[in-house]
file structure.cif (mmCIF, C-alpha atoms)
data_start
loop_
_atom_site.label_atom_id
_atom_site.label_comp_id
_atom_site.auth_asym_id
_atom_site.auth_seq_id
_atom_site.Cartn_x
_atom_site.Cartn_y
_atom_site.Cartn_z
CA MET A 1 10.18 10.99 -9.54
CA MET A 2 8.90 10.29 -6.00
CA VAL A 3 6.64 13.35 -6.17
CA ALA A 4 5.25 12.15 -9.52
CA ILE A 5 4.50 8.71 -8.06
CA PHE A 6 2.59 10.14 -5.09
CA ALA A 7 0.83 12.75 -7.27
CA ILE A 8 -0.41 10.13 -9.76
CA LEU A 9 -1.44 7.90 -6.86
CA LEU A 10 -3.48 10.74 -5.35
CA ILE A 11 -5.09 11.39 -8.75
CA ALA A 12 -6.02 7.68 -8.88
CA PHE A 13 -7.72 7.96 -5.48
CA VAL A 14 -9.57 11.14 -6.48
CA LEU A 15 -10.77 9.62 -9.77
CA SER A 16 -11.90 6.48 -7.97
CA PHE A 17 -13.69 8.56 -5.33
CA ALA A 18 -15.42 10.52 -8.09
CA GLY A 19 -16.73 7.28 -9.59
CA LEU A 20 -14.27 7.11 -12.51
CA ARG A 21 -12.89 3.77 -11.34
CA ALA A 22 -11.44 2.63 -14.68
CA LEU A 23 -9.45 5.85 -15.05
CA GLY A 24 -8.38 5.49 -11.42
CA VAL A 25 -7.03 2.00 -12.10
CA ILE A 26 -5.09 3.30 -15.13
CA CYS A 27 -3.49 6.03 -12.99
CA LEU A 28 -2.73 3.45 -10.30
CA LEU A 29 -0.96 1.23 -12.84
CA ALA A 30 1.05 4.24 -14.07
CA SER A 31 2.04 4.92 -10.47
CA LEU A 32 3.00 1.24 -10.04
CA ALA A 33 5.20 1.34 -13.16
CA LEU A 34 7.02 4.46 -11.93
CA CYS A 35 7.33 2.91 -8.46
CA LEU A 36 8.98 -0.25 -9.83
CA GLY A 37 11.31 1.85 -12.02
CA LEU A 38 12.40 3.97 -9.07
CA PHE A 39 12.80 0.87 -6.90
CA LEU A 40 15.18 -0.71 -9.42
CA TRP A 41 17.09 2.57 -9.75
CA GLU A 42 17.38 2.89 -5.95
CA ILE A 43 18.70 -0.62 -5.33
CA TYR A 44 21.15 -0.69 -8.24
CA SER A 45 24.75 -0.19 -7.18
CA PRO A 46 27.55 0.64 -9.67
CA ASP A 47 29.85 -1.65 -7.65
CA TYR A 48 27.60 -4.62 -6.91
CA GLY A 49 24.79 -4.34 -9.48
CA PHE A 50 21.75 -5.96 -7.90
CA ARG A 51 23.83 -8.44 -5.89
CA LEU A 52 24.06 -8.51 -2.08
CA PRO A 53 27.69 -9.58 -1.55
CA TRP A 54 27.64 -8.85 2.20
CA ILE A 55 25.33 -11.80 2.76
CA GLN A 56 27.52 -14.91 3.09
CA VAL A 57 25.92 -18.26 3.74
CA MET B 58 -27.62 -20.33 -22.62
CA ARG B 59 -28.17 -17.26 -20.48
CA ARG B 60 -25.68 -16.69 -17.70
CA VAL B 61 -27.41 -16.50 -14.33
CA ALA B 62 -25.96 -14.14 -11.74
CA ARG B 63 -24.76 -15.91 -8.65
CA SER B 64 -25.73 -14.71 -5.21
CA ASP B 65 -24.33 -16.04 -1.95
CA ALA B 66 -25.91 -16.05 1.51
CA PRO B 67 -26.14 -12.52 2.97
CA ILE B 68 -24.18 -13.52 6.09
CA VAL B 69 -21.27 -14.78 3.95
CA VAL B 70 -21.28 -11.57 1.91
CA ALA B 71 -21.42 -9.45 5.08
CA LEU B 72 -18.53 -11.36 6.69
CA ASP B 73 -16.49 -11.05 3.50
CA ARG B 74 -17.03 -7.27 3.39
CA LEU B 75 -16.17 -7.06 7.09
CA VAL B 76 -12.84 -8.83 6.51
CA LEU B 77 -12.01 -6.43 3.66
CA LEU B 78 -13.00 -3.49 5.85
CA LEU B 79 -10.77 -4.69 8.71
CA MET B 80 -7.82 -5.09 6.35
CA LEU B 81 -8.38 -1.55 5.05
CA LEU B 82 -8.66 -0.25 8.61
CA ALA B 83 -5.38 -1.96 9.59
CA LEU B 84 -3.55 -0.47 6.60
CA ALA B 85 -4.98 2.99 7.31
CA ALA B 86 -3.75 2.65 10.91
CA VAL B 87 -0.24 1.65 9.76
CA LEU B 88 -0.06 4.60 7.33
CA THR B 89 -1.28 6.94 10.07
CA ALA B 90 1.33 5.59 12.47
CA ALA B 91 4.02 6.17 9.83
CA MET B 92 2.93 9.80 9.42
CA VAL B 93 2.87 10.29 13.21
CA MET B 94 6.41 8.88 13.48
CA GLN B 95 7.51 11.28 10.73
CA VAL B 96 5.79 14.45 11.93
CA VAL B 97 5.85 14.03 15.72
CA PHE B 98 9.08 12.07 16.26
CA GLY B 99 10.98 13.55 13.30
CA GLU B 100 11.81 10.20 11.68
CA ILE B 101 12.32 11.13 8.04
CA PRO B 102 11.55 8.21 5.70
CA CYS B 103 14.12 6.84 3.26
CA PRO B 104 13.25 6.42 -0.47
CA LEU B 105 12.52 2.70 -0.06
CA CYS B 106 10.32 3.50 2.96
CA LEU B 107 8.34 5.93 0.78
CA LEU B 108 7.96 3.26 -1.91
CA GLN B 109 6.60 0.91 0.75
CA ARG B 110 4.01 3.56 1.60
CA VAL B 111 3.09 3.68 -2.10
CA ALA B 112 2.59 -0.10 -2.04
CA MET B 113 0.41 0.14 1.08
CA LEU B 114 -1.68 2.92 -0.48
CA GLY B 115 -2.04 0.74 -3.60
CA CYS B 116 -3.33 -2.07 -1.38
CA CYS B 117 -5.82 0.40 0.12
CA PHE B 118 -6.94 1.37 -3.40
CA GLY B 119 -7.55 -2.29 -4.27
CA LEU B 120 -9.47 -2.93 -1.05
CA ILE B 121 -11.66 0.15 -1.60
CA HIS B 122 -12.25 -0.96 -5.20
CA GLN B 123 -13.27 -4.41 -3.95
CA LEU B 124 -15.57 -3.02 -1.26
CA HIS B 125 -17.53 -1.19 -3.97
CA ALA B 126 -17.44 -4.11 -6.44
CA GLU B 127 -20.34 -6.46 -7.00
CA GLU B 128 -19.40 -8.96 -9.68
CA SER B 129 -15.63 -8.66 -9.91
CA GLU B 130 -12.55 -9.59 -7.91
CA ARG B 131 -10.39 -6.98 -9.68
CA GLY B 132 -9.93 -4.99 -6.47
CA THR B 133 -8.55 -8.03 -4.67
CA GLY B 134 -6.18 -8.64 -7.58
CA ILE B 135 -4.93 -5.03 -7.42
CA ALA B 136 -4.43 -5.28 -3.67
CA MET B 137 -2.56 -8.58 -4.00
CA VAL B 138 -0.24 -7.14 -6.67
CA PHE B 139 0.65 -4.25 -4.36
CA ALA B 140 1.05 -6.64 -1.41
CA VAL B 141 3.65 -8.56 -3.45
CA VAL B 142 5.34 -5.25 -4.39
CA LEU B 143 5.40 -4.33 -0.70
CA LEU B 144 6.94 -7.71 0.13
CA VAL B 145 9.63 -7.39 -2.56
CA ILE B 146 10.64 -3.85 -1.53
CA SER B 147 10.63 -4.57 2.19
CA VAL B 148 12.58 -7.84 1.87
CA ARG B 149 15.17 -6.07 -0.28
CA GLN B 150 15.51 -3.27 2.28
CA THR B 151 15.73 -5.76 5.14
CA LEU B 152 18.51 -7.65 3.34
CA LEU B 153 20.25 -4.36 2.51
CA ASP B 154 20.71 -3.53 6.19
CA ILE B 155 20.74 -7.01 7.71
CA VAL B 156 24.55 -7.02 8.13
CA PRO B 157 25.52 -4.05 10.35
CA ARG B 158 28.25 -1.98 8.69
CA PRO B 159 29.01 1.73 8.34
CA GLY B 160 26.24 3.58 6.53
CA HIS B 161 23.90 0.61 6.59
CA GLU B 162 21.93 0.64 9.83
CA TYR B 163 18.17 0.20 9.90
CA VAL B 164 16.48 3.59 9.67
CA GLY B 165 14.14 4.76 12.40
CA SER B 166 13.46 3.37 15.83
CA ALA B 167 12.42 -0.20 16.56
CA VAL B 168 8.84 -1.04 17.53
CA LEU B 169 8.57 -4.20 19.65
CA GLY B 170 12.15 -4.98 18.63
CA LEU B 171 11.46 -4.86 14.89
CA HIS B 172 12.48 -2.04 12.56
CA MET B 173 10.19 -0.56 9.93
CA PRO B 174 11.26 -2.67 6.90
CA VAL B 175 10.88 -5.85 8.95
CA TRP B 176 7.40 -4.72 10.00
CA SER B 177 6.64 -4.14 6.31
CA VAL B 178 7.56 -7.77 5.59
CA VAL B 179 5.19 -8.86 8.38
CA ILE B 180 2.41 -6.61 7.04
CA ALA B 181 2.84 -7.85 3.44
CA VAL B 182 2.76 -11.50 4.52
CA ALA B 183 -0.27 -10.81 6.74
CA LEU B 184 -2.07 -9.16 3.80
CA LEU B 185 -1.38 -12.08 1.46
CA LEU B 186 -2.42 -14.53 4.18
CA GLY B 187 -5.58 -12.50 4.75
CA PHE B 188 -6.52 -12.69 1.07
CA ALA B 189 -5.76 -16.43 0.99
CA LEU B 190 -7.93 -17.03 4.07
CA ARG B 191 -10.69 -14.88 2.59
CA PHE B 192 -10.77 -17.03 -0.54
CA ALA B 193 -10.52 -20.23 1.51
CA LEU B 194 -13.30 -19.30 3.95
CA PHE B 195 -15.73 -17.35 1.82
CA GLY B 196 -14.79 -18.35 -1.73
CA ALA B 197 -15.01 -14.75 -3.00
CA PRO B 198 -18.77 -14.36 -2.45
CA ARG B 199 -20.87 -12.36 -4.90
CA ASP B 200 -23.37 -9.77 -3.76
CA VAL B 201 -25.81 -9.45 -6.63
CA ALA B 202 -28.15 -7.04 -4.91
CA PRO B 203 -26.04 -4.85 -2.64
CA ALA B 204 -27.92 -2.68 -0.22
CA PRO B 205 -26.64 0.89 -0.34
CA GLY B 206 -26.62 2.67 2.99
CA THR B 207 -25.66 -0.35 5.07
CA VAL B 208 -23.20 0.10 7.93
CA VAL B 209 -20.39 -1.66 6.07
CA ARG B 210 -20.85 0.55 3.00
CA ARG B 211 -20.94 3.72 5.08
CA CYS B 212 -17.79 2.63 6.92
CA ALA B 213 -16.13 1.84 3.58
CA ARG B 214 -16.99 5.32 2.28
CA GLY B 215 -15.66 6.93 5.46
CA LEU B 216 -12.41 4.96 5.29
CA GLU B 217 -12.11 5.82 1.59
CA ILE B 218 -12.22 9.53 2.45
CA TYR B 219 -9.70 9.01 5.26
CA VAL B 220 -7.25 7.11 3.02
CA LEU B 221 -7.66 9.84 0.39
CA LEU B 222 -6.66 12.42 3.00
CA VAL B 223 -3.69 10.28 4.10
CA ALA B 224 -2.57 10.01 0.46
CA GLY B 225 -2.83 13.80 0.12
CA LEU B 226 -0.86 14.33 3.32
CA ASN B 227 1.81 11.94 2.07
CA LEU B 228 2.08 13.91 -1.17
CA VAL B 229 2.59 17.15 0.79
CA ALA B 230 5.24 15.48 2.96
CA VAL B 231 7.03 14.07 -0.10
CA VAL B 232 7.02 17.49 -1.83
CA LEU B 233 8.55 19.06 1.29
CA GLN B 234 11.13 16.29 1.68
CA CYS B 235 12.14 15.63 -1.91
CA GLY B 236 11.13 18.67 -3.95
CA LEU B 237 11.56 17.56 -7.54
CA GLY B 238 14.80 15.66 -6.93
CA ASP B 239 16.18 12.88 -4.74
CA CYS B 240 14.81 12.31 -1.25
CA PRO B 241 17.33 13.17 1.49
CA THR B 242 17.00 11.33 4.82
CA THR B 243 18.71 14.07 6.80
CA GLY B 244 16.11 16.81 6.43
CA TYR B 245 13.41 18.41 4.35
CA ARG B 246 14.60 19.93 1.10
CA LEU B 247 11.98 22.70 1.10
CA LEU B 248 12.00 23.57 4.83
#
call {"tool": "encode", "arguments": {"input": "structure.cif", "output": "structure tokens"}}
result
Amino acid sequence: MMVAIFAILLIAFVLSFAGLRALGVICLLASLALCLGLFLWEIYSPDYGFRLPWIQV
Amino acid sequence: MRRVARSDAPIVVALDRLVLLLMLLALAAVLTAAMVMQVVFGEIPCPLCLLQRVAMLGCCFGLIHQLHAEESERGTGIAMVFAVVLLVISVRQTLLDIVPRPGHEYVGSAVLGLHMPVWSVVIAVALLLGFALRFALFGAPRDVAPAPGTVVRRCARGLEIYVLLVAGLNLVAVVLQCGLGDCPTTGYRLL
């Protein structure tokens, strides 16, 4: 997943550099969607869910 | 009624482009420093650290887009979205490790007393503040007749190539570290 995110991001940069800015933005948004999905998957804990129970105020 | 294109004073446009260029330069420097820490000092990034790099590269993309734009603020919008993403990821990682306990220490070494995720929070807030100040000071000036070949445009093109290379280098590093699976923080999967 991480490799896909960076690969699509690089494609976005290359497309933008080549003048295909609209296609570059589409690839960037695809990369953003994958990034947010992976972020949620990384921070989810089977025990705590998305909570942070070690922070007590 | 015909819509008339708006053009601001050249000095305002030049200052606006300079601010964008400085923000891009700062982000390129941070990404370079991250790669140096990884390659030279052997500090292997965690998955959330890599996602923060993605957010910073997305900010760079938006800034480059804006530097080439004439009648649109889309690039600034893209950069601001990724700045917020950077803030969310870095705050979450900071909170994840804020209470010292086994298996939850901040990764990497501290720079000026702050660890990497805390620096990411600072960078994200600085970026958002920079965009807010840009709008407050210059009001998103429009350059109706941009002059190709100016120093700012040449610098923008040079930085664009540099950021492209940094993105490529990051992809190579991620392939070596993660392969096609999870990203270990203890070593490179393919080395």
call {"tool": "interface_residues", "arguments": {"input": "structure.cif", "of": "chain A", "to": "chain B", "cutoff": "8 Å", "atoms": "all atoms listed in the file", "output": "PyMOL selection string"}}
result
chain A and resi 1-3+5-7+9-10+13-14+16-17+21+28+35+39+42+52+54-55
call {"tool": "closest_residue", "arguments": {"input": "structure.cif", "among": "A:Val57, A:Leu20, A:Leu15, A:Ala4", "to": "Leu32 of chain A", "atoms": "all atoms listed in the file"}}
result
A:Ala4
call {"tool": "resolve_selection", "arguments": {"input": "structure.cif", "expression": "the PyMOL selection byres ((chain B and resi 160-171) around 10)", "output": "list of chain:residue names"}}
result
B:Met94, B:Gln95, B:Phe98, B:Gly99, B:Glu100, B:Ile101, B:Pro102, B:Cys103, B:Cys106, B:Gln150, B:Thr151, B:Leu153, B:Asp154, B:Ile155, B:Val156, B:Pro157, B:Arg158, B:Pro159, B:His172, B:Met173, B:Pro174, B:Val175, B:Trp176, B:Ser177, B:Val179, B:Thr242
call {"tool": "atom_distance", "arguments": {"input": "structure.cif", "atom1": "atom CA of Ala189 of chain B", "atom2": "atom CA of Tyr219 of chain B"}}
result
26.1 Å
call {"tool": "atom_distance", "arguments": {"input": "structure.cif", "atom1": "atom CA of Ala181 of chain B", "atom2": "atom CA of Ala140 of chain B"}}
result
5.3 Å
call {"tool": "atom_distance", "arguments": {"input": "structure.cif", "atom1": "atom CA of Leu184 of chain B", "atom2": "atom CA of Ala136 of chain B"}}
result
8.7 Å
call {"tool": "closest_residue", "arguments": {"input": "structure.cif", "among": "B:Leu185, B:Ala91, B:Tyr245, B:Ala71", "to": "Thr133 of chain B", "atoms": "only C-alpha atoms"}}
result
B:Leu185
call {"tool": "resolve_selection", "arguments": {"input": "structure.cif", "expression": "the PyMOL selection byres ((chain B and resi 69) around 10)", "output": "list of chain:residue names"}}
result
B:Asp65, B:Ala66, B:Pro67, B:Ile68, B:Val70, B:Ala71, B:Leu72, B:Asp73, B:Arg74, B:Leu75, B:Leu194, B:Phe195, B:Gly196, B:Ala197, B:Pro198, B:Arg199, B:Asp200
call {"tool": "residues_near_point", "arguments": {"input": "structure.cif", "point": "(-3.2, 7.6, -10.6)", "cutoff": "6 Å", "atoms": "only C-alpha atoms", "output": "list in words"}}
result
Ile8, Leu9, Ile11, Ala12, Gly24, Cys27, Leu28 and Ser31 of chain A
